[in-house]
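Engineer: Can you keep this structure in mind? I'll have questions shortly.
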Amino acid sequence: MTELLLFKDIDEPGLASIEVYKRRGGYQSLERALKLPREEVLQELLDSGLRGRGGAGFAMGKKVSFLPKGTIDKYLVCNADESEPGTFKDRELMQKSPHMLVEGMIIAAYAADANRSFIYIRGEYQQQAEILERAIEEARAAGYLGERILGSDHSLSLVLHRGAGAYICGEETGLLDSLEGKRGNPRLKPPFPANQGLYQGPTLINNVETLATVPHIIRLGGQEYAKLGTETSTGTKLVSVSGNVQRPGNYEIELGIPSREIVYGLAGGPERGREIKLWFPGGSSSPVLTPAELDLPYDFDSMARAGSMLGSGAIIVVDDSVSVVDVALKLAKFYRHESCGKCTPCREGTNWTVKMLQRVESGEATPMDLDIIASVQEQIMGNCLCVLGDAMAMPLGSMVSKFRDEFEAHIEARRAQLGLGAPIHDAPADAALHGAPAGVLA
Amino acid sequence: MADSSVARYEHGSRIPGWDDAVDLSKDPASIPDPALTRVPAELRAAIEAAMAQYPDFRSAAIPALHAAQDLHGWCSPAAIEQVACVMGLTPAYLTAVATFYDMFSTQPVGRQTVYVCTNISCSLRGADRLYEAIQAAAGDDPDFNVRAFECLGACDIAPMASVNGAYVGPLEIADAETIVAQLRAGAEVLPDKQLLRRKVADPRAASGGDVDSAGAGASGDAAAHASPEAEHNASAAKAPDADHSDAADRLLPDEDADA
């Protein structure tokens, strides 16, 4: 087992205050970073191989290096709109060690040469926002924020911005629109935020956990940090385990450990007598995996090779007491509700999917509807400005293909239960001729 | 399918103008005249302070609407007009923003806000029944605003709820009555189930990195220590002081698509 980085001393009383944080070595990385030239700090980030912890897993150092050089106004935005179902790691960090995030932001802004920064925190995190606000105030009073920080040529302002409840604002361009005071509709990409982001200026957007890792990279050195984890998924990662497990919660793991160790070892696995039916490896938007795939190492590439993704590192475990139809319907309803409505495939596709799944649930569907559900998912994928639609299409598509038998069995059982005619497979011609007796349940 | 064709007041009559076409000859509402619009001083101060924080004043739209909603209890037409007046924006612009976000209410709601997370992780642990129980406990008390909400980011304490901004969980069905009773009494809600007093689940975090001493354990036992901060925060989670005179013509609640 390796040393903890993000969760070290996390439950120490008063860690949210600057005194205790500094006593635990806080802001030393910042002092060290500000003595280095910007290029060297950036090089450390590149060397670390740190990949974004918010969902897309893009190399953070590379993202920083995409920002144009020069004296143009540049912005750093911290995405603290953690709203991916199943994810609650950023909440834990902001609530318990807010200064780690603030310190990371100051260093990242220095590397990117940005001098205005914002934290976009979801509106529901009211308590966390209050804690962060106090931390920012303390950092400002201590001279870590403001003009010419610690005597260097780096100046930075930091504003905490509370959202008001919209999943789409976790999408980076939706977040930018929301931060500009508009409805949180995603923008067309390119131009990417690194070129044209907030207020049309070059903008670096990173997740809370990514930025909170930055002080540790400076402390250890990029190359030393890269020794943690696997070659392409370096470092440690906070994993939020939830659903049907005995010990749901946040765990810090070294990337690349077997998934089984997380689900069974750390989180205790499902209740006694229950088996895992399926699990989401990276939030509700990731394609579901089967129990057999628990042997895979938990890192970006292994999850991608298995046809899923590490996403935000939120493992949701579903045991065999739960119907896959219920899970699918719950998810589809969520994405329908959160679709911003800008792009047709997502707006209509999420709604159709809900309606079709409701027919499956009520026994009015035929197995052909499952094919239509799958084809609707395919037509959402890649056809919208942002990935919200894809975020439904990926798990839904995987559920229908991996658990098709269960969907079909559910339809038949429902039909039998409600007396809706003979089982479908016995009389295909008849069903095709007359169709299902629609409207019986409506 | 619920009948959602005609919006009605609670007493049954139709909302005037609901079926009428928009009057195209009329100009849209313009920016309210500062000389004619009364804005409470503290609201004006809050909005102006927010506007000063951003390179573009428009970024303050959401903070300003939060402030107005805290004051009025909901984003009433009067509240929107006051924000529009101070920010120099049209009421239509702000209405468009307010209707986009779940936390802004453009209809009168109760002041005691209870968001029950009913997303996947919480519903796997019984959130739907919990939501029904809290709804039943609150009954038709107009002071309560009980809503099923999307993932609130606290699946470790599933099933959970956000009670006037304070996260509590894991909840049992029996807690529904307690929450409502404590809110009515103005007491702190379920002090031993407050998220802020809960330790990290990772057993190694508890002891600063030592592998041996386990501090996590199953659900209940984490509430042991409460830092001064946590205490402070819990009590700071306030109920906005609303003047509820606007709420006289209470609309029937919309049929929630997800309910």
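Here's how to read the names in the structure tokens: chain A, B, ... by the order shown, residue numbers from 1 in each chain, ligand numbers from 1 in the order shown.
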DSSP says strand (DSSP E or B) for which residues of range 172-398 of chain A? Put them as a VMD selection string?

Structural biologist: chain A and resid 203 to 207 229 234 236 to 243 249 to 254 258 276 to 280 289 297 314 to 319

Engineer: If we count only C-alpha atoms and set the cut-off at 9 Å, which residues sit around Leu198 in chain A, ignoring sequence neighbours fewer than 3 positions away in its own chain? Please answer as an MDAnalysis selection string.

Structural biologist: chainID A and resid 74:77 173 176:177 179:180 193 201:203

Engineer: Save out the residues we just selected, N, CA and C atoms, as a PDB file, in the first residue's frame.

Structural biologist:
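Output file result_26.pdb follows:
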ATOM      1  N   LYS A  74      -6.132  35.575 -19.057  1.00  0.00           N
ATOM      2  CA  LYS A  74      -6.432  34.147 -19.059  1.00  0.00           C
ATOM      3  C   LYS A  74      -7.135  33.781 -17.762  1.00  0.00           C
ATOM      4  N   TYR A  75      -7.895  32.724 -17.842  1.00  0.00           N
ATOM      5  CA  TYR A  75      -8.725  32.356 -16.697  1.00  0.00           C
ATOM      6  C   TYR A  75      -8.486  30.911 -16.289  1.00  0.00           C
ATOM      7  N   LEU A  76      -8.632  30.678 -15.002  1.00  0.00           N
ATOM      8  CA  LEU A  76      -8.635  29.304 -14.495  1.00  0.00           C
ATOM      9  C   LEU A  76      -9.997  29.074 -13.845  1.00  0.00           C
ATOM     10  N   VAL A  77     -10.663  28.013 -14.255  1.00  0.00           N
ATOM     11  CA  VAL A  77     -11.956  27.693 -13.662  1.00  0.00           C
ATOM     12  C   VAL A  77     -11.878  26.305 -13.052  1.00  0.00           C
ATOM     13  N   THR A 173     -18.321  23.603 -21.245  1.00  0.00           N
ATOM     14  CA  THR A 173     -18.801  24.816 -21.913  1.00  0.00           C
ATOM     15  C   THR A 173     -20.152  25.262 -21.356  1.00  0.00           C
ATOM     16  N   LEU A 176     -19.255  27.260 -18.460  1.00  0.00           N
ATOM     17  CA  LEU A 176     -18.791  28.610 -18.795  1.00  0.00           C
ATOM     18  C   LEU A 176     -19.974  29.540 -19.064  1.00  0.00           C
ATOM     19  N   ASP A 177     -20.957  29.046 -19.816  1.00  0.00           N
ATOM     20  CA  ASP A 177     -22.130  29.883 -20.076  1.00  0.00           C
ATOM     21  C   ASP A 177     -22.831  30.236 -18.768  1.00  0.00           C
ATOM     22  N   LEU A 179     -21.504  30.378 -15.847  1.00  0.00           N
ATOM     23  CA  LEU A 179     -20.654  31.311 -15.100  1.00  0.00           C
ATOM     24  C   LEU A 179     -20.744  32.722 -15.684  1.00  0.00           C
ATOM     25  N   GLU A 180     -21.091  32.808 -16.947  1.00  0.00           N
ATOM     26  CA  GLU A 180     -21.278  34.127 -17.553  1.00  0.00           C
ATOM     27  C   GLU A 180     -22.673  34.665 -17.286  1.00  0.00           C
ATOM     28  N   PRO A 193     -12.168  25.617 -24.936  1.00  0.00           N
ATOM     29  CA  PRO A 193     -11.992  26.650 -23.911  1.00  0.00           C
ATOM     30  C   PRO A 193     -10.547  27.130 -23.777  1.00  0.00           C
ATOM     31  N   GLY A 201     -12.011  34.476 -23.437  1.00  0.00           N
ATOM     32  CA  GLY A 201     -10.574  34.408 -23.213  1.00  0.00           C
ATOM     33  C   GLY A 201     -10.106  32.972 -23.054  1.00  0.00           C
ATOM     34  N   PRO A 202      -8.813  32.728 -23.190  1.00  0.00           N
ATOM     35  CA  PRO A 202      -8.280  31.382 -22.980  1.00  0.00           C
ATOM     36  C   PRO A 202      -8.541  30.929 -21.543  1.00  0.00           C
ATOM     37  N   THR A 203      -9.039  29.722 -21.400  1.00  0.00           N
ATOM     38  CA  THR A 203      -9.494  29.276 -20.088  1.00  0.00           C
ATOM     39  C   THR A 203      -9.049  27.851 -19.825  1.00  0.00           C
TER      40      THR A 203
END

Engineer: Closest to Leu238 in chain A among A:Lys69, A:Arg219, A:Lys89, A:Arg260, using only C-alpha atoms?

Structural biologist: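 Of all the options, A:Lys89 lies closest to Leu238 in chain A.
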
Engineer: Excluding Val163 in chain B and residues on its chain fewer than 2 positions from it, collect all residues at most 8 Å away from it, counting only C-alpha atoms, and give them as a list in words.

Structural biologist: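 Selected residues are Gln112, Thr113, Val114, Tyr115, Ala161, Gly165, Ala166, Tyr167, Val168 and Val189 of chain B.
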
Engineer: Please identify all polymer residues within 7 Å of range 185-191 of chain A, counting only C-alpha atoms, omitting same-chain residues fewer than 2 positions from it, and present them as a ChimeraX atom specification.

Structural biologist: /A:173-174,177,183,193,195-196,340,342,385-386

Engineer: Show me, as a list in words, the residues that have an atom within 8 Å of Phe104 in chain B when counting only C-alpha atoms, minus same-chain residues fewer than 5 positions from it.

Structural biologist: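 Residues meeting the cut-off are Ala164 of chain A; Leu65, His66, Gln69, Trp74, Cys75, Ala98 and Thr99 of chain B.
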
Engineer: Neighbours of Asp319 in chain A within 7 Å (only C-alpha atoms; same-chain residues fewer than 5 positions away dropped), as a ChimeraX atom specification?

Structural biologist: /A:244,270,274-278

Engineer: For the selection you just gave me, I'd like the residues written to a file as a compact mmCIF listing (two decimals), in the first residue's frame, keeping C-alpha atoms.

Structural biologist:
# COMPACT_ATOMS: atom_id res chain seq x y z
CA ASN A 244 -25.47 -2.04 -2.87
CA PRO A 270 -22.88 -6.50 -1.39
CA ARG A 274 -26.48 -11.07 -2.46
CA GLU A 275 -24.49 -11.21 -5.66
CA ILE A 276 -23.40 -8.30 -7.80
CA LYS A 277 -25.45 -8.04 -10.94
CA LEU A 278 -23.69 -5.14 -12.60

Engineer: For Gly307 in chain A, find every residue with an atom within 9 Å (counting only C-alpha atoms), except residues of its own chain fewer than 5 positions away, and show them as a ChimeraX atom specification.

Structural biologist: /A:287-289,302

Engineer: Would you mind writing down, as a CSV table (one decimal) with C-alpha atoms, in the first residue's frame, each residue of range 49-217 of chain A that DSSP on the backbone assigns to helix (DSSP H, G or I)?

Structural biologist:
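Saved to part.csv:
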chain,number,residue,atom,x,y,z
A,60,MET,CA,-3.7,18.0,-17.2
A,61,GLY,CA,-0.3,19.2,-18.1
A,62,LYS,CA,-1.1,19.1,-21.8
A,63,LYS,CA,-4.3,21.0,-21.2
A,64,VAL,CA,-2.3,23.7,-19.4
A,65,SER,CA,0.2,23.8,-22.3
A,66,PHE,CA,-2.6,24.4,-24.8
A,89,LYS,CA,-15.3,12.8,-3.8
A,90,ASP,CA,-14.9,16.5,-4.5
A,91,ARG,CA,-17.5,17.2,-1.8
A,92,GLU,CA,-15.3,15.4,0.7
A,93,LEU,CA,-12.2,17.3,-0.4
A,94,MET,CA,-13.8,20.7,-0.4
A,95,GLN,CA,-15.5,20.2,2.9
A,96,LYS,CA,-12.5,18.8,4.7
A,98,PRO,CA,-10.5,23.3,1.1
A,99,HIS,CA,-7.0,24.9,1.3
A,100,MET,CA,-5.6,22.0,-0.7
A,101,LEU,CA,-7.8,23.0,-3.6
A,102,VAL,CA,-7.0,26.7,-3.1
A,103,GLU,CA,-3.3,26.0,-3.1
A,104,GLY,CA,-3.6,23.7,-6.2
A,105,MET,CA,-5.4,26.4,-8.0
A,106,ILE,CA,-2.8,29.1,-7.3
A,107,ILE,CA,-0.1,26.8,-8.5
A,108,ALA,CA,-2.0,25.8,-11.6
A,109,ALA,CA,-2.9,29.4,-12.4
A,110,TYR,CA,0.8,30.2,-12.1
A,111,ALA,CA,1.7,27.5,-14.5
A,112,ALA,CA,-1.0,28.7,-17.0
A,126,GLN,CA,-24.2,25.0,0.4
A,127,GLN,CA,-22.3,23.9,3.4
A,128,GLN,CA,-19.2,23.2,1.3
A,129,ALA,CA,-19.5,26.6,-0.3
A,130,GLU,CA,-19.5,28.2,3.1
A,131,ILE,CA,-16.4,26.3,4.1
A,132,LEU,CA,-14.6,27.2,0.9
A,133,GLU,CA,-15.6,30.8,1.2
A,134,ARG,CA,-13.9,31.0,4.6
A,135,ALA,CA,-10.8,29.2,3.3
A,136,ILE,CA,-10.5,31.7,0.4
A,137,GLU,CA,-10.9,34.6,2.8
A,138,GLU,CA,-8.1,33.1,5.0
A,139,ALA,CA,-5.8,32.6,2.0
A,140,ARG,CA,-6.4,36.2,0.9
A,141,ALA,CA,-5.6,37.5,4.4
A,149,ILE,CA,1.7,36.6,-4.3
A,150,LEU,CA,4.6,36.1,-1.8
A,151,GLY,CA,6.6,38.7,-3.5
A,167,TYR,CA,-26.3,18.6,-14.2
A,168,ILE,CA,-25.4,20.1,-17.6
A,169,CYS,CA,-23.3,22.8,-15.9
A,170,GLY,CA,-20.7,20.1,-15.1
A,172,GLU,CA,-17.2,22.5,-19.3
A,173,THR,CA,-18.8,24.8,-21.9
A,174,GLY,CA,-22.2,24.7,-20.2
A,175,LEU,CA,-20.4,25.6,-17.1
A,176,LEU,CA,-18.8,28.6,-18.8
A,177,ASP,CA,-22.1,29.9,-20.1
A,178,SER,CA,-23.6,29.5,-16.6
A,179,LEU,CA,-20.7,31.3,-15.1
A,198,LEU,CA,-14.8,32.3,-20.3
A,199,TYR,CA,-15.5,35.8,-21.6
A,200,GLN,CA,-14.0,34.6,-24.9
A,208,VAL,CA,-11.5,19.8,-8.0
A,209,GLU,CA,-9.5,16.5,-7.4
A,210,THR,CA,-7.2,17.3,-10.3
A,211,LEU,CA,-6.3,20.7,-8.9
A,212,ALA,CA,-6.1,19.4,-5.4
A,213,THR,CA,-3.4,16.9,-6.6
A,214,VAL,CA,-1.2,19.7,-8.0
A,215,PRO,CA,0.4,20.6,-4.6
A,216,HIS,CA,1.4,17.0,-4.1
A,217,ILE,CA,2.9,16.8,-7.6

Engineer: Which one of B:Ser30, B:Ser162, B:Ser121, B:Ser59 sits closest to Val97 in chain B if you count only C-alpha atoms?

Structural biologist: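 Answer, going by the shortest atom-to-atom distance: B:Ser59.
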
Engineer: Please measure the separation of CA of Ile80 in chain B and CA of Ile119 in chain A, giving the value in Å to one decimal.

Structural biologist: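 That distance, rounded to one decimal, is 25.3 Å.
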
Engineer: Between A:Gly419, A:Gly165, A:Gly70, A:Gly197, which residue has the minimum interatomic distance to chain B, considering only C-alpha atoms?

Structural biologist: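 Among the listed residues, A:Gly165 lies closest to chain B.
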